[in-house]
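Coordinates from model.txt are shown below (compact mmCIF, C-alpha atoms and all ligand atoms).
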```txt
# COMPACT_ATOMS: atom_id res chain seq x y z
CA MET A 1 62.37 -126.63 52.63
CA ARG A 2 63.75 -126.54 49.13
CA ARG A 3 67.00 -128.42 48.68
CA ILE A 4 69.62 -126.52 46.68
CA PHE A 5 69.97 -127.80 43.12
CA ILE A 6 73.06 -127.11 40.99
CA ALA A 7 73.06 -128.32 37.40
CA GLY A 8 75.73 -128.06 34.71
CA ASN A 9 74.48 -127.54 31.18
CA TRP A 10 77.40 -128.64 29.03
CA LYS A 11 75.60 -127.53 25.84
CA MET A 12 77.43 -128.79 22.70
CA ASN A 13 80.75 -129.27 24.48
CA THR A 14 82.99 -132.13 25.69
CA ASN A 15 83.81 -135.52 24.29
CA PHE A 16 83.65 -138.69 26.39
CA GLN A 17 87.29 -138.46 27.51
CA GLU A 18 86.81 -134.86 28.68
CA ALA A 19 83.53 -135.80 30.34
CA LYS A 20 85.23 -138.57 32.37
CA GLU A 21 88.03 -136.23 33.42
CA LEU A 22 85.50 -133.63 34.46
CA ILE A 23 83.50 -136.12 36.55
CA ASP A 24 86.68 -137.50 38.18
CA ALA A 25 87.86 -134.02 39.10
CA ILE A 26 84.45 -132.99 40.47
CA TYR A 27 84.45 -136.06 42.74
CA GLN A 28 87.98 -135.21 43.92
CA GLN A 29 87.18 -131.59 44.63
CA THR A 30 83.84 -131.88 46.44
CA ASN A 31 82.75 -133.17 49.83
CA SER A 32 79.15 -132.17 49.52
CA HIS A 33 76.25 -134.49 50.02
CA ASP A 34 73.44 -132.22 51.09
CA ILE A 35 72.61 -130.57 47.79
CA ASP A 36 71.32 -131.95 44.48
CA VAL A 37 73.78 -131.92 41.60
CA ALA A 38 73.30 -132.85 37.96
CA VAL A 39 75.28 -132.68 34.75
CA CYS A 40 73.66 -132.41 31.32
CA PRO A 41 76.03 -133.74 28.66
CA PRO A 42 75.36 -133.78 24.91
CA MET A 43 73.01 -136.57 23.77
CA PRO A 44 75.66 -139.00 22.42
CA TYR A 45 77.34 -139.21 25.83
CA LEU A 46 74.31 -139.53 28.10
CA SER A 47 74.57 -143.28 28.30
CA SER A 48 78.33 -143.47 28.80
CA VAL A 49 78.43 -140.60 31.30
CA SER A 50 75.57 -142.11 33.25
CA ASN A 51 77.31 -145.52 33.33
CA TYR A 52 80.61 -143.91 34.27
CA ILE A 53 78.96 -142.18 37.22
CA LYS A 54 77.30 -145.43 38.34
CA GLU A 55 80.63 -147.24 38.24
CA ASN A 56 82.46 -144.54 40.17
CA GLU A 57 79.97 -143.09 42.66
CA HIS A 58 80.43 -145.70 45.40
CA GLN A 59 81.70 -144.17 48.59
CA LYS A 60 81.53 -140.69 47.12
CA SER A 61 79.67 -138.17 49.24
CA LEU A 62 78.43 -136.32 46.16
CA GLN A 63 75.62 -137.88 44.16
CA ILE A 64 75.63 -136.69 40.55
CA LYS A 65 72.50 -137.19 38.44
CA VAL A 66 72.35 -136.95 34.68
CA GLY A 67 70.05 -134.71 32.66
CA ALA A 68 69.42 -134.27 28.93
CA GLN A 69 69.30 -130.90 27.22
CA ASN A 70 66.14 -131.54 25.20
CA MET A 71 63.63 -134.23 24.17
CA HIS A 72 60.66 -134.72 21.84
CA TRP A 73 57.10 -134.95 23.14
CA GLU A 74 56.25 -138.05 21.13
CA GLU A 75 57.11 -141.54 22.26
CA LYS A 76 58.45 -142.77 18.92
CA GLY A 77 57.92 -142.46 15.19
CA ALA A 78 59.03 -140.64 12.08
CA TYR A 79 60.82 -137.70 13.76
CA THR A 80 64.26 -137.79 12.19
CA GLY A 81 66.95 -136.49 14.50
CA GLU A 82 64.74 -136.44 17.60
CA VAL A 83 65.00 -138.34 20.89
CA SER A 84 62.12 -139.42 23.12
CA GLY A 85 61.80 -139.21 26.90
CA THR A 86 61.64 -142.99 27.14
CA MET A 87 65.00 -143.18 25.40
CA LEU A 88 66.43 -140.65 27.84
CA GLN A 89 65.25 -142.70 30.78
CA ASP A 90 66.65 -145.82 29.21
CA VAL A 91 70.12 -144.27 29.13
CA GLY A 92 69.98 -143.13 32.76
CA CYS A 93 68.59 -139.59 32.72
CA THR A 94 66.80 -138.22 35.78
CA TYR A 95 66.30 -134.67 34.49
CA VAL A 96 65.61 -132.97 31.19
CA VAL A 97 66.26 -129.30 30.44
CA LEU A 98 63.35 -127.89 28.42
CA GLY A 99 62.83 -124.54 26.75
CA HIS A 100 66.40 -123.29 26.99
CA SER A 101 66.64 -119.83 25.40
CA GLU A 102 69.12 -121.17 22.84
CA ARG A 103 66.51 -123.68 21.70
CA ARG A 104 63.81 -121.00 21.67
CA ALA A 105 65.97 -118.57 19.66
CA LEU A 106 67.93 -120.91 17.38
CA PHE A 107 65.49 -123.78 16.92
CA SER A 108 62.18 -121.89 17.05
CA GLU A 109 60.83 -123.65 20.13
CA THR A 110 57.49 -122.28 21.32
CA ASN A 111 55.81 -122.22 24.73
CA ASN A 112 53.23 -124.62 23.35
CA GLY A 113 55.82 -127.17 22.16
CA ILE A 114 57.73 -126.84 25.43
CA ASN A 115 54.49 -127.46 27.34
CA LYS A 116 53.93 -130.69 25.38
CA LYS A 117 57.45 -131.80 26.26
CA ILE A 118 56.87 -131.08 29.96
CA HIS A 119 53.65 -133.10 29.94
CA LYS A 120 55.44 -136.03 28.36
CA ALA A 121 58.48 -135.83 30.64
CA LEU A 122 56.28 -135.81 33.74
CA ALA A 123 54.13 -138.67 32.47
CA LEU A 124 57.31 -140.71 32.19
CA GLY A 125 58.73 -139.64 35.55
CA LEU A 126 61.53 -137.52 34.10
CA LEU A 127 62.06 -134.30 36.06
CA PRO A 128 61.86 -131.20 33.85
CA ILE A 129 63.97 -128.09 34.28
CA LEU A 130 61.90 -125.42 32.53
CA CYS A 131 64.01 -122.47 31.39
CA ILE A 132 62.48 -119.03 31.10
CA GLY A 133 64.15 -115.69 30.44
CA GLU A 134 63.76 -112.34 28.74
CA THR A 135 66.04 -110.75 26.14
CA LEU A 136 67.86 -107.47 26.69
CA GLU A 137 65.47 -105.73 24.30
CA GLU A 138 62.47 -106.99 26.27
CA ARG A 139 64.02 -105.80 29.53
CA GLU A 140 64.89 -102.40 28.07
CA LYS A 141 61.26 -102.00 27.03
CA GLY A 142 60.17 -102.85 30.59
CA LYS A 143 58.46 -106.04 29.41
CA GLU A 144 60.53 -108.57 31.33
CA LYS A 145 57.82 -109.61 33.81
CA GLU A 146 55.17 -109.89 31.12
CA ILE A 147 57.46 -112.18 29.11
CA ILE A 148 58.39 -114.32 32.11
CA GLU A 149 54.77 -114.70 33.19
CA LYS A 150 53.78 -115.79 29.68
CA GLN A 151 56.64 -118.30 29.36
CA LEU A 152 55.86 -119.64 32.82
CA LEU A 153 52.09 -120.01 32.54
CA GLU A 154 52.10 -121.25 28.94
CA GLY A 155 54.91 -123.67 29.74
CA LEU A 156 52.93 -125.08 32.68
CA THR A 157 49.49 -125.12 31.00
CA ASP A 158 47.17 -127.93 32.10
CA LEU A 159 49.59 -129.46 34.58
CA LEU A 160 48.32 -130.55 37.97
CA PRO A 161 49.68 -128.71 41.01
CA SER A 162 51.26 -131.98 42.17
CA GLN A 163 53.10 -132.23 38.84
CA ILE A 164 54.29 -128.63 38.97
CA GLU A 165 55.79 -129.26 42.40
CA THR A 166 58.23 -131.72 40.83
CA CYS A 167 59.40 -129.26 38.17
CA THR A 168 62.45 -127.08 38.53
CA LEU A 169 62.35 -123.62 36.97
CA ALA A 170 65.47 -121.90 35.71
CA TYR A 171 65.34 -118.13 35.35
CA GLU A 172 67.98 -117.40 32.74
CA PRO A 173 67.94 -113.82 31.44
CA VAL A 174 69.16 -114.14 27.86
CA TRP A 175 71.38 -111.07 28.23
CA ALA A 176 73.31 -112.81 31.03
CA ILE A 177 73.98 -116.09 29.22
CA GLY A 178 77.58 -116.53 28.10
CA THR A 179 78.16 -112.77 28.29
CA GLY A 180 79.93 -112.53 31.63
CA LYS A 181 77.15 -110.11 32.71
CA THR A 182 75.41 -111.80 35.63
CA ALA A 183 72.12 -110.37 36.81
CA SER A 184 72.80 -108.61 40.10
CA PRO A 185 71.53 -110.57 43.13
CA GLU A 186 68.80 -107.90 43.51
CA ILE A 187 67.60 -108.20 39.90
CA ALA A 188 67.65 -112.00 40.09
CA GLN A 189 65.85 -112.08 43.46
CA ASP A 190 63.24 -109.61 42.21
CA MET A 191 62.40 -111.86 39.27
CA HIS A 192 62.49 -115.06 41.34
CA ALA A 193 60.10 -113.48 43.84
CA PHE A 194 57.83 -112.47 40.95
CA ILE A 195 57.90 -116.05 39.61
CA ARG A 196 57.02 -117.41 43.05
CA LYS A 197 54.23 -114.88 43.48
CA THR A 198 52.83 -115.84 40.07
CA LEU A 199 52.90 -119.50 41.10
CA THR A 200 51.17 -118.70 44.40
CA GLU A 201 48.38 -116.78 42.67
CA LYS A 202 47.76 -119.45 40.06
CA TYR A 203 48.48 -122.70 41.90
CA GLY A 204 48.57 -121.91 45.61
CA LYS A 205 51.22 -121.66 48.27
CA ASN A 206 52.03 -125.36 48.50
CA VAL A 207 53.16 -125.33 44.89
CA SER A 208 55.09 -122.08 45.09
CA ASP A 209 56.80 -123.16 48.32
CA SER A 210 57.92 -126.44 46.73
CA VAL A 211 59.13 -125.43 43.28
CA ARG A 212 62.83 -124.84 43.05
CA ILE A 213 63.93 -121.85 40.99
CA GLN A 214 67.48 -121.88 39.70
CA TYR A 215 69.24 -118.79 38.42
CA GLY A 216 71.30 -119.12 35.23
CA GLY A 217 73.53 -116.70 33.34
CA SER A 218 77.26 -116.25 33.88
CA VAL A 219 77.22 -117.96 37.28
CA LYS A 220 80.73 -118.45 38.62
CA PRO A 221 82.44 -119.06 41.98
CA GLN A 222 82.85 -115.28 42.40
CA ASN A 223 79.12 -114.51 42.27
CA ILE A 224 77.34 -117.64 43.53
CA GLN A 225 77.57 -116.77 47.22
CA GLU A 226 75.53 -113.59 46.88
CA LEU A 227 73.07 -115.22 44.49
CA ILE A 228 72.39 -118.28 46.63
CA ALA A 229 71.92 -116.05 49.69
CA GLN A 230 68.74 -114.62 48.11
CA ASN A 231 65.47 -115.96 49.53
CA ASP A 232 64.00 -117.21 46.28
CA ILE A 233 67.13 -118.51 44.57
CA ASP A 234 67.36 -122.26 45.11
CA GLY A 235 70.30 -123.14 42.93
CA ALA A 236 71.88 -122.50 39.56
CA LEU A 237 71.90 -123.75 36.00
CA ILE A 238 75.47 -123.26 34.86
CA GLY A 239 76.94 -123.20 31.38
CA GLY A 240 80.58 -122.18 30.93
CA ALA A 241 81.64 -122.62 34.56
CA SER A 242 80.28 -126.20 34.59
CA LEU A 243 82.86 -127.23 31.99
CA LYS A 244 85.73 -126.64 34.38
CA ALA A 245 85.92 -128.91 37.39
CA ASP A 246 87.53 -126.22 39.56
CA SER A 247 84.76 -123.71 39.10
CA PHE A 248 81.86 -126.19 39.13
CA SER A 249 83.21 -127.85 42.29
CA LYS A 250 83.76 -124.52 43.98
CA ILE A 251 80.18 -123.48 43.21
CA ILE A 252 78.92 -126.77 44.68
CA GLU A 253 81.01 -126.32 47.82
CA ILE A 254 79.93 -122.69 48.33
CA CYS A 255 76.25 -123.67 47.99
CA SER A 256 76.70 -126.62 50.27
CA LEU A 257 78.18 -124.39 52.98
CA SER A 258 75.62 -121.62 52.47
CA GLY A 259 73.53 -122.83 55.38
CA LYS A 260 70.36 -122.86 53.28
P1 LIG A 301 76.56 -119.51 31.13
O1 LIG A 301 76.73 -119.98 32.55
O2 LIG A 301 77.70 -119.93 30.22
O3 LIG A 301 76.26 -118.04 31.04
O4 LIG A 301 75.29 -120.27 30.52
C1 LIG A 301 74.11 -120.29 31.25
C2 LIG A 301 73.19 -121.25 30.62
O5 LIG A 301 72.71 -121.04 29.51
C3 LIG A 301 72.87 -122.50 31.35
O6 LIG A 301 71.81 -123.17 30.78
```
Turn the structure described in the file into structure tokens.
Amino acid sequence: MRRIFIAGNWKMNTNFQEAKELIDAIYQQTNSHDIDVAVCPPMPYLSSVSNYIKENEHQKSLQIKVGAQNMHWEEKGAYTGEVSGTMLQDVGCTYVVLGHSERRALFSETNNGINKKIHKALALGLLPILCIGETLEEREKGKEKEIIEKQLLEGLTDLLPSQIETCTLAYEPVWAIGTGKTASPEIAQDMHAFIRKTLTEKYGKNVSDSVRIQYGGSVKPQNIQELIAQNDIDGALIGGASLKADSFSKIIEICSLSGK
């Protein structure tokens, strides 16, 4: 059984005051306790958000974990502007989002670099969320599965099956991110099934049965029910709708009641 996992990627948004208000409102608006939930604030607030959650989570049914949006693969050294996995753990992170399409497109991240980051995260005990997704151009050329397979297998290169089981994958078609155009449940399920089949062929059924695959791209309360009902969709990685307590809480509640 794969437990549903909903994560909010705040990207470069919020300040600490807004973050506290968001967390408070999420606690007020949710009763869930049977799904995994994480928020991924900008780097400067990881420590304070994580402490704020620790101070306020007592007697709350919802457990919120904290994730970072990126990390470096080295432990320490002359890497101006970078942050290591050890530092992320030190400030209370459980998860780290790796290979987001914005980092691939805007900061030239490669499958090879992302793979190094995953190795390091896992060695430290941080749980990676590996993002993969094709562009509109790639889909229009019919290359979407080829691209996804490459991002997946190169991202997971040289990992042990037992390590892969602890990773979360996030299928985020680039054309659906921040555009309001969600992939239809059928398109998303088709790609999630392909990802799971690829995992089965390469790593066996135990791995593919265990790995959670989130969908990401314009997820909102209005479309989550149909998405989460799909066999191979185990949760969501949410951008815009995770910045509003009403919509993020509603998504959590709908998933929690989905009977999955
Ligand atoms: P939106 O939900 O704003 O489309 O963003 C998705 C995303 O990129 C999450 O990582």
My list of candidates is A:Gln17, A:Thr86, A:Gln230, A:Ser247. Which is closest to Pro185 in chain A when distances are computed with only C-alpha atoms?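 Closest to Pro185 in chain A, using only C-alpha atoms: A:Gln230.
Compared by their closest atoms to ligand LIG 301 (chain A), and using all atoms listed in the file, the residues A:Met12, A:Ile147, A:Leu199, A:Val91 rank with A:Met12 nearest.
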List as a PyMOL selection string the protein and nucleic acid residues near Phe5 in chain A, meaning an atom at most 10 Å away when all atoms listed in the file are counted, but skip any in the same chain fewer than 4 places from it. chain A and resi 34-38+168+212-214+233-237+252+255-256
Can you list every residue of chain A that has an atom at most 9 Å from ligand LIG 301 (chain A), with its nearest atom pair and the distance in Å to one decimal, using only C-alpha atoms and all ligand atoms, ordered by chain then number, as CSV?
```
residue,atom,partner,partner_atom,distance
A:Ala7,CA,A:LIG301,C3,8.4
A:Gly8,CA,A:LIG301,C3,7.1
A:Asn9,CA,A:LIG301,O6,5.1
A:Trp10,CA,A:LIG301,C3,8.0
A:Lys11,CA,A:LIG301,O6,7.6
A:Gln69,CA,A:LIG301,O6,8.9
A:Val97,CA,A:LIG301,O6,8.3
A:His100,CA,A:LIG301,O6,6.6
A:Ser101,CA,A:LIG301,O5,7.4
A:Glu102,CA,A:LIG301,O5,7.6
A:Cys131,CA,A:LIG301,O6,7.9
A:Ala170,CA,A:LIG301,O6,8.1
A:Glu172,CA,A:LIG301,O5,6.8
A:Pro173,CA,A:LIG301,O5,8.9
A:Val174,CA,A:LIG301,O5,7.9
A:Trp175,CA,A:LIG301,O3,9.0
A:Ala176,CA,A:LIG301,O3,6.0
A:Ile177,CA,A:LIG301,O3,3.5
A:Gly178,CA,A:LIG301,O3,3.6
A:Thr179,CA,A:LIG301,O3,6.2
A:Gly180,CA,A:LIG301,O3,6.6
A:Lys181,CA,A:LIG301,O3,8.2
A:Thr182,CA,A:LIG301,O3,7.8
A:Tyr215,CA,A:LIG301,C3,8.8
A:Gly216,CA,A:LIG301,C1,5.0
A:Gly217,CA,A:LIG301,O3,3.8
A:Ser218,CA,A:LIG301,O3,3.5
A:Val219,CA,A:LIG301,O1,5.2
A:Lys220,CA,A:LIG301,O1,7.4
A:Ala236,CA,A:LIG301,C3,8.3
A:Leu237,CA,A:LIG301,C3,4.9
A:Ile238,CA,A:LIG301,O1,4.2
A:Gly239,CA,A:LIG301,O1,3.4
A:Gly240,CA,A:LIG301,O2,3.7
A:Ala241,CA,A:LIG301,O1,5.9
A:Ser242,CA,A:LIG301,O1,7.4
```
Kindly export the residues of the current selection with C-alpha atoms, as a CSV table (one decimal), keeping the file's coordinate frame.
```
chain,number,residue,atom,x,y,z
A,7,ALA,CA,73.1,-128.3,37.4
A,8,GLY,CA,75.7,-128.1,34.7
A,9,ASN,CA,74.5,-127.5,31.2
A,10,TRP,CA,77.4,-128.6,29.0
A,11,LYS,CA,75.6,-127.5,25.8
A,69,GLN,CA,69.3,-130.9,27.2
A,97,VAL,CA,66.3,-129.3,30.4
A,100,HIS,CA,66.4,-123.3,27.0
A,101,SER,CA,66.6,-119.8,25.4
A,102,GLU,CA,69.1,-121.2,22.8
A,131,CYS,CA,64.0,-122.5,31.4
A,170,ALA,CA,65.5,-121.9,35.7
A,172,GLU,CA,68.0,-117.4,32.7
A,173,PRO,CA,67.9,-113.8,31.4
A,174,VAL,CA,69.2,-114.1,27.9
A,175,TRP,CA,71.4,-111.1,28.2
A,176,ALA,CA,73.3,-112.8,31.0
A,177,ILE,CA,74.0,-116.1,29.2
A,178,GLY,CA,77.6,-116.5,28.1
A,179,THR,CA,78.2,-112.8,28.3
A,180,GLY,CA,79.9,-112.5,31.6
A,181,LYS,CA,77.2,-110.1,32.7
A,182,THR,CA,75.4,-111.8,35.6
A,215,TYR,CA,69.2,-118.8,38.4
A,216,GLY,CA,71.3,-119.1,35.2
A,217,GLY,CA,73.5,-116.7,33.3
A,218,SER,CA,77.3,-116.2,33.9
A,219,VAL,CA,77.2,-118.0,37.3
A,220,LYS,CA,80.7,-118.4,38.6
A,236,ALA,CA,71.9,-122.5,39.6
A,237,LEU,CA,71.9,-123.8,36.0
A,238,ILE,CA,75.5,-123.3,34.9
A,239,GLY,CA,76.9,-123.2,31.4
A,240,GLY,CA,80.6,-122.2,30.9
A,241,ALA,CA,81.6,-122.6,34.6
A,242,SER,CA,80.3,-126.2,34.6
```
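For the residues A:Leu127, A:Leu88, A:Leu152, A:Ala183, ranking by smallest atom-to-atom distance to Lys197 in chain A using only C-alpha atoms places A:Leu152 first.
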Excluding range 66-68 of chain A and any residue of its chain fewer than 5 positions from it, enumerate the residues within 6 Å of it, using only C-alpha atoms, and give them as a PyMOL selection string. chain A and resi 38-40+93-96
Is it possible to get the residues within 8 Å of (49.0, -129.1, 44.0) (coordinates as in the file, counting all atoms listed in the file) written as a ChimeraX atom specification? /A:160-165,203-204,206-207
Could you tell me how far CA of Glu109 in chain A sits from CA of Lys150 in chain A, in Å to one decimal place? 14.2 Å
All file atoms of range 113-128 of chain A boxed axis-aligned, 8 Å per side, centre plus edges, as lines of an AutoDock Vina configuration file:
```
center_x = 57.9
center_y = -133.8
center_z = 29.1
size_x = 24.4
size_y = 29.9
size_z = 29.9
```
